[in-house]
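Text of work-v9.txt, listed as compact mmCIF, C-alpha atoms:
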```txt
# COMPACT_ATOMS: atom_id res chain seq x y z
CA MET A 1 -65.03 -41.71 4.71
CA PRO A 2 -63.30 -45.03 5.45
CA THR A 3 -64.32 -48.14 3.54
CA THR A 4 -63.95 -51.58 5.13
CA ILE A 5 -61.85 -53.87 2.90
CA ASN A 6 -63.12 -57.11 4.42
CA GLU A 7 -65.95 -57.65 6.85
CA GLU A 8 -63.91 -60.30 8.71
CA THR A 9 -61.16 -57.85 9.66
CA ALA A 10 -60.88 -54.40 11.16
CA LEU A 11 -58.96 -53.11 8.12
CA LYS A 12 -60.04 -49.79 6.70
CA PHE A 13 -59.36 -48.23 3.30
CA GLU A 14 -58.85 -44.45 3.50
CA PRO A 15 -57.38 -41.68 1.35
CA VAL A 16 -53.78 -40.72 2.07
CA HIS A 17 -53.27 -37.34 3.72
CA LEU A 18 -50.10 -35.27 3.81
CA SER A 19 -49.76 -36.02 7.53
CA ASP A 20 -49.51 -39.76 6.66
CA LEU A 21 -46.35 -39.46 4.56
CA ALA A 22 -43.85 -40.06 7.38
CA LYS A 23 -45.54 -43.36 8.29
CA ILE A 24 -45.84 -44.32 4.63
CA THR A 25 -42.14 -43.73 4.00
CA ASP A 26 -41.46 -46.04 6.97
CA LEU A 27 -43.23 -48.79 5.01
CA TYR A 28 -41.28 -47.89 1.87
CA PHE A 29 -37.91 -47.89 3.66
CA PRO A 30 -37.85 -50.94 5.93
CA GLN A 31 -35.43 -50.15 8.77
CA THR A 32 -33.85 -52.39 11.35
CA GLU A 33 -33.48 -51.39 14.98
CA ILE A 34 -29.69 -51.30 14.51
CA GLU A 35 -30.02 -48.77 11.67
CA LYS A 36 -32.34 -46.58 13.75
CA GLU A 37 -29.83 -46.52 16.61
CA SER A 38 -26.82 -45.79 14.40
CA ILE A 39 -25.33 -42.33 14.90
CA ASN A 40 -24.19 -42.12 11.26
CA PHE A 41 -27.49 -43.31 9.80
CA ASN A 42 -28.30 -41.46 6.57
CA GLN A 43 -31.96 -41.30 5.57
CA PRO A 44 -32.38 -42.92 2.15
CA LYS A 45 -33.84 -40.86 -0.67
CA LEU A 46 -37.21 -41.41 -2.31
CA THR A 47 -37.09 -42.61 -5.90
CA GLU A 48 -39.69 -42.57 -8.64
CA GLU A 49 -40.61 -46.14 -7.61
CA PHE A 50 -42.14 -44.63 -4.44
CA GLY A 51 -44.96 -43.48 -6.70
CA PHE A 52 -47.84 -41.23 -5.81
CA PRO A 53 -49.56 -42.58 -2.65
CA ILE A 54 -53.35 -42.51 -2.96
CA TYR A 55 -54.93 -44.80 -0.35
CA LYS A 56 -53.85 -46.32 2.94
CA LEU A 57 -54.80 -49.56 4.65
CA VAL A 58 -55.37 -48.98 8.35
CA GLU A 59 -55.87 -51.33 11.30
CA GLU A 60 -57.06 -49.31 14.29
CA ASP A 61 -54.65 -46.31 14.19
CA LEU A 62 -51.78 -48.13 12.46
CA ILE A 63 -51.07 -47.67 8.74
CA ILE A 64 -50.19 -51.17 7.53
CA GLY A 65 -50.05 -50.47 3.82
CA TYR A 66 -50.52 -47.94 1.08
CA SER A 67 -51.44 -48.02 -2.57
CA TYR A 68 -49.81 -45.83 -5.15
CA PHE A 69 -49.45 -45.29 -8.85
CA THR A 70 -46.57 -44.60 -11.19
CA VAL A 71 -46.59 -43.62 -14.86
CA ASN A 72 -44.47 -45.74 -17.19
CA SER A 73 -42.64 -44.61 -20.34
CA SER A 74 -45.79 -45.28 -22.42
CA GLU A 75 -47.69 -42.91 -20.12
CA GLU A 76 -49.80 -45.76 -18.70
CA ILE A 77 -50.82 -45.54 -15.05
CA ILE A 78 -49.52 -48.54 -13.08
CA PHE A 79 -51.15 -49.23 -9.70
CA ASN A 80 -49.33 -51.07 -6.93
CA ALA A 81 -49.27 -51.40 -3.15
CA ILE A 82 -46.92 -52.01 -0.26
CA ILE A 83 -48.28 -53.85 2.76
CA ASN A 84 -46.41 -54.68 5.95
CA PRO A 85 -45.73 -58.45 5.59
CA GLU A 86 -46.81 -59.04 9.20
CA TYR A 87 -50.35 -57.97 8.28
CA SER A 88 -50.60 -59.32 4.75
CA PHE A 89 -52.75 -62.38 4.18
CA GLY A 90 -54.36 -64.16 1.25
CA ASP A 91 -54.92 -61.92 -1.74
CA LEU A 92 -55.12 -58.72 0.33
CA LYS A 93 -52.55 -56.91 -1.81
CA ASN A 94 -54.42 -57.65 -5.06
CA ARG A 95 -57.78 -56.66 -3.57
CA PHE A 96 -56.25 -53.45 -2.19
CA ILE A 97 -54.72 -52.58 -5.58
CA ASN A 98 -57.98 -53.30 -7.41
CA GLN A 99 -60.08 -51.27 -4.97
CA SER A 100 -57.59 -48.37 -5.14
CA LYS A 101 -57.61 -48.45 -8.93
CA GLN A 102 -61.42 -48.51 -9.10
CA LYS A 103 -61.85 -45.69 -6.61
CA TYR A 104 -59.10 -43.52 -8.14
CA LEU A 105 -60.37 -43.93 -11.70
CA SER A 106 -63.99 -43.30 -10.69
CA LYS A 107 -62.96 -40.01 -9.04
CA LYS A 108 -60.79 -39.07 -12.03
CA ASN A 109 -63.75 -39.43 -14.43
```
The structure in this file should be written as structure tokens.
Amino acid sequence: MPTTINEETALKFEPVHLSDLAKITDLYFPQTEIEKESINFNQPKLTEEFGFPIYKLVEEDLIIGYSYFTVNSSEEIIFNAIINPEYSFGDLKNRFINQSKQKYLSKKN
């Protein structure tokens, strides 16, 4: 069930589904129109910094961001987010990370 991040916007906070991964990788790998049109364009590879996507930020039907976690060398879970800069405003990224962390940890317990 979607959760509204902010009453003043139409942004929704939803779990990531497998079918979302192509759109999420588009946020992870910013591409220019020239690169997309290039015949010899090689798709970059995902790295461990991609993390494990857990929630997405949606405006209407467009995924504008996703939150994820990684595990550092001390086995601590580190939460982060990537948001399309065109849609980012104020402290949206921090609120999105905090809400993702809260929701993930509450489900884990």
Worksheet item: Looking at A:Tyr68, A:Phe89, A:Tyr104, A:Tyr55, which one is nearest to Glu14 of chain A, with distances taken over only C-alpha atoms?
Response: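 Between A:Tyr68, A:Phe89, A:Tyr104, A:Tyr55, the residue approaching Glu14 of chain A most closely is A:Tyr55.
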Fill in: For Leu62 of chain A: contacts at 9 Å, only C-alpha atoms, fewer than 4 positions along chain excluded, given as a ChimeraX atom specification
/A:23,57-58
Would you export the selected residues with C-alpha atoms as a JSON list (two decimals), in the coordinates of the input, please?
```json
[["chain", "number", "residue", "atom", "x", "y", "z"],
["A", 23, "LYS", "CA", -45.54, -43.36, 8.29],
["A", 57, "LEU", "CA", -54.80, -49.56, 4.65],
["A", 58, "VAL", "CA", -55.37, -48.98, 8.35]]
```
Practice prompt. Using all atoms listed in the file, find the one residue out of A:Asn72, A:Thr25, A:Ser67, A:Ser19 that sits nearest to Ile97 of chain A.
Written response: A:Ser67
Worksheet item: Within 10 Å of Tyr28 of chain A, counting all atoms listed in the file, which residues qualify if same-chain residues fewer than 6 places away don't, as a list in words?
Response: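 Near neighbours after the sequence-gap exclusion: Ala22, Leu46, Glu49, Phe50, Gly65, Tyr66, Ile82, Ile83 and Asn84 of chain A.
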Can you write out the residues you just picked, keeping C-alpha atoms, as a CSV table (one decimal), in the coordinates of the input?
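Resulting contents of part.csv:
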```
chain,number,residue,atom,x,y,z
A,22,ALA,CA,-43.8,-40.1,7.4
A,46,LEU,CA,-37.2,-41.4,-2.3
A,49,GLU,CA,-40.6,-46.1,-7.6
A,50,PHE,CA,-42.1,-44.6,-4.4
A,65,GLY,CA,-50.0,-50.5,3.8
A,66,TYR,CA,-50.5,-47.9,1.1
A,82,ILE,CA,-46.9,-52.0,-0.3
A,83,ILE,CA,-48.3,-53.8,2.8
A,84,ASN,CA,-46.4,-54.7,6.0
```
Worksheet, complete the sentence: Expressed in Å, the length from atom CA of Ala10 of chain A to atom CA of Phe29 of chain A is 25.0 Å
Worksheet item: Closest to Phe52 of chain A among A:Leu18, A:Leu11, A:Ile64, A:Leu92, using only C-alpha atoms?
Response: A:Leu18
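When atom CA of Ile54 of chain A is paired with atom CA of Glu75 of chain A, their separation reads 18.1 Å.
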Worksheet, complete the sentence: In terms of all atoms listed in the file, the residue from A:Pro53, A:Ser88, A:Ile24, A:Glu60 at minimal distance from Lys101 of chain A is A:Pro53
Report as lines of an AutoDock Vina configuration file the centre and the edge lengths, in Å to one decimal, of the axis-aligned box holding every listed atom of segment 21-25 of chain A, padded by 5 Å on each side.
```
center_x = -44.2
center_y = -41.9
center_z = 6.1
size_x = 14.2
size_y = 14.9
size_z = 14.3
```
Item to complete: List every protein, DNA or RNA residue that has an atom no more than 9 Å from (-58.2, -47.9, -11.9) in the file's coordinate frame, counting all atoms listed in the file, and report them as JSON, numbers by chain.
Response: {"A": [77, 78, 79, 97, 98, 99, 100, 101, 102, 103, 104, 105, 106]}
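Interatomic distance, atom CA of Leu27 of chain A against atom CA of Pro85 of chain A: 10.0 Å.
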Can you put N, CA, C and O atoms back into segment 74-88 of chain A and show it as a PDB file, in the coordinates of the input?
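Generated file (part-v4.pdb):
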```pdb
ATOM      1  N   SER A  74     -44.688 -45.358 -21.444  1.00  0.00           N
ATOM      2  CA  SER A  74     -45.790 -45.280 -22.420  1.00  0.00           C
ATOM      3  C   SER A  74     -46.943 -44.434 -21.893  1.00  0.00           C
ATOM      4  O   SER A  74     -48.026 -44.442 -22.470  1.00  0.00           O
ATOM      5  N   GLU A  75     -46.707 -43.762 -20.780  1.00  0.00           N
ATOM      6  CA  GLU A  75     -47.690 -42.910 -20.120  1.00  0.00           C
ATOM      7  C   GLU A  75     -48.925 -43.671 -19.622  1.00  0.00           C
ATOM      8  O   GLU A  75     -50.007 -43.118 -19.506  1.00  0.00           O
ATOM      9  N   GLU A  76     -48.741 -44.954 -19.307  1.00  0.00           N
ATOM     10  CA  GLU A  76     -49.800 -45.760 -18.700  1.00  0.00           C
ATOM     11  C   GLU A  76     -49.675 -45.642 -17.184  1.00  0.00           C
ATOM     12  O   GLU A  76     -48.568 -45.616 -16.645  1.00  0.00           O
ATOM     13  N   ILE A  77     -50.816 -45.593 -16.514  1.00  0.00           N
ATOM     14  CA  ILE A  77     -50.820 -45.540 -15.050  1.00  0.00           C
ATOM     15  C   ILE A  77     -50.729 -46.980 -14.532  1.00  0.00           C
ATOM     16  O   ILE A  77     -51.529 -47.833 -14.907  1.00  0.00           O
ATOM     17  N   ILE A  78     -49.739 -47.224 -13.678  1.00  0.00           N
ATOM     18  CA  ILE A  78     -49.520 -48.540 -13.080  1.00  0.00           C
ATOM     19  C   ILE A  78     -49.826 -48.420 -11.586  1.00  0.00           C
ATOM     20  O   ILE A  78     -49.228 -47.614 -10.884  1.00  0.00           O
ATOM     21  N   PHE A  79     -50.775 -49.228 -11.114  1.00  0.00           N
ATOM     22  CA  PHE A  79     -51.150 -49.230  -9.700  1.00  0.00           C
ATOM     23  C   PHE A  79     -50.418 -50.349  -8.984  1.00  0.00           C
ATOM     24  O   PHE A  79     -50.239 -51.433  -9.529  1.00  0.00           O
ATOM     25  N   ASN A  80     -50.011 -50.079  -7.739  1.00  0.00           N
ATOM     26  CA  ASN A  80     -49.330 -51.070  -6.930  1.00  0.00           C
ATOM     27  C   ASN A  80     -49.583 -50.764  -5.462  1.00  0.00           C
ATOM     28  O   ASN A  80     -50.224 -49.765  -5.135  1.00  0.00           O
ATOM     29  N   ALA A  81     -49.083 -51.606  -4.589  1.00  0.00           N
ATOM     30  CA  ALA A  81     -49.270 -51.400  -3.150  1.00  0.00           C
ATOM     31  C   ALA A  81     -48.116 -52.012  -2.387  1.00  0.00           C
ATOM     32  O   ALA A  81     -47.469 -52.952  -2.856  1.00  0.00           O
ATOM     33  N   ILE A  82     -47.874 -51.449  -1.215  1.00  0.00           N
ATOM     34  CA  ILE A  82     -46.920 -52.010  -0.260  1.00  0.00           C
ATOM     35  C   ILE A  82     -47.696 -52.252   1.022  1.00  0.00           C
ATOM     36  O   ILE A  82     -48.381 -51.357   1.520  1.00  0.00           O
ATOM     37  N   ILE A  83     -47.605 -53.479   1.515  1.00  0.00           N
ATOM     38  CA  ILE A  83     -48.280 -53.850   2.760  1.00  0.00           C
ATOM     39  C   ILE A  83     -47.255 -54.485   3.682  1.00  0.00           C
ATOM     40  O   ILE A  83     -46.445 -55.306   3.248  1.00  0.00           O
ATOM     41  N   ASN A  84     -47.284 -54.081   4.946  1.00  0.00           N
ATOM     42  CA  ASN A  84     -46.410 -54.680   5.950  1.00  0.00           C
ATOM     43  C   ASN A  84     -46.636 -56.196   5.917  1.00  0.00           C
ATOM     44  O   ASN A  84     -47.764 -56.654   6.090  1.00  0.00           O
ATOM     45  N   PRO A  85     -45.568 -56.995   5.692  1.00  0.00           N
ATOM     46  CA  PRO A  85     -45.730 -58.450   5.590  1.00  0.00           C
ATOM     47  C   PRO A  85     -46.368 -59.099   6.824  1.00  0.00           C
ATOM     48  O   PRO A  85     -47.009 -60.135   6.708  1.00  0.00           O
ATOM     49  N   GLU A  86     -46.217 -58.483   7.982  1.00  0.00           N
ATOM     50  CA  GLU A  86     -46.810 -59.040   9.200  1.00  0.00           C
ATOM     51  C   GLU A  86     -48.340 -59.014   9.156  1.00  0.00           C
ATOM     52  O   GLU A  86     -48.993 -59.774   9.863  1.00  0.00           O
ATOM     53  N   TYR A  87     -48.903 -58.130   8.349  1.00  0.00           N
ATOM     54  CA  TYR A  87     -50.350 -57.970   8.280  1.00  0.00           C
ATOM     55  C   TYR A  87     -50.949 -58.484   6.984  1.00  0.00           C
ATOM     56  O   TYR A  87     -52.156 -58.521   6.822  1.00  0.00           O
ATOM     57  N   SER A  88     -50.114 -58.876   6.047  1.00  0.00           N
ATOM     58  CA  SER A  88     -50.600 -59.320   4.750  1.00  0.00           C
ATOM     59  C   SER A  88     -51.071 -60.765   4.829  1.00  0.00           C
ATOM     60  O   SER A  88     -50.442 -61.611   5.440  1.00  0.00           O
TER      61      SER A  88
END
```
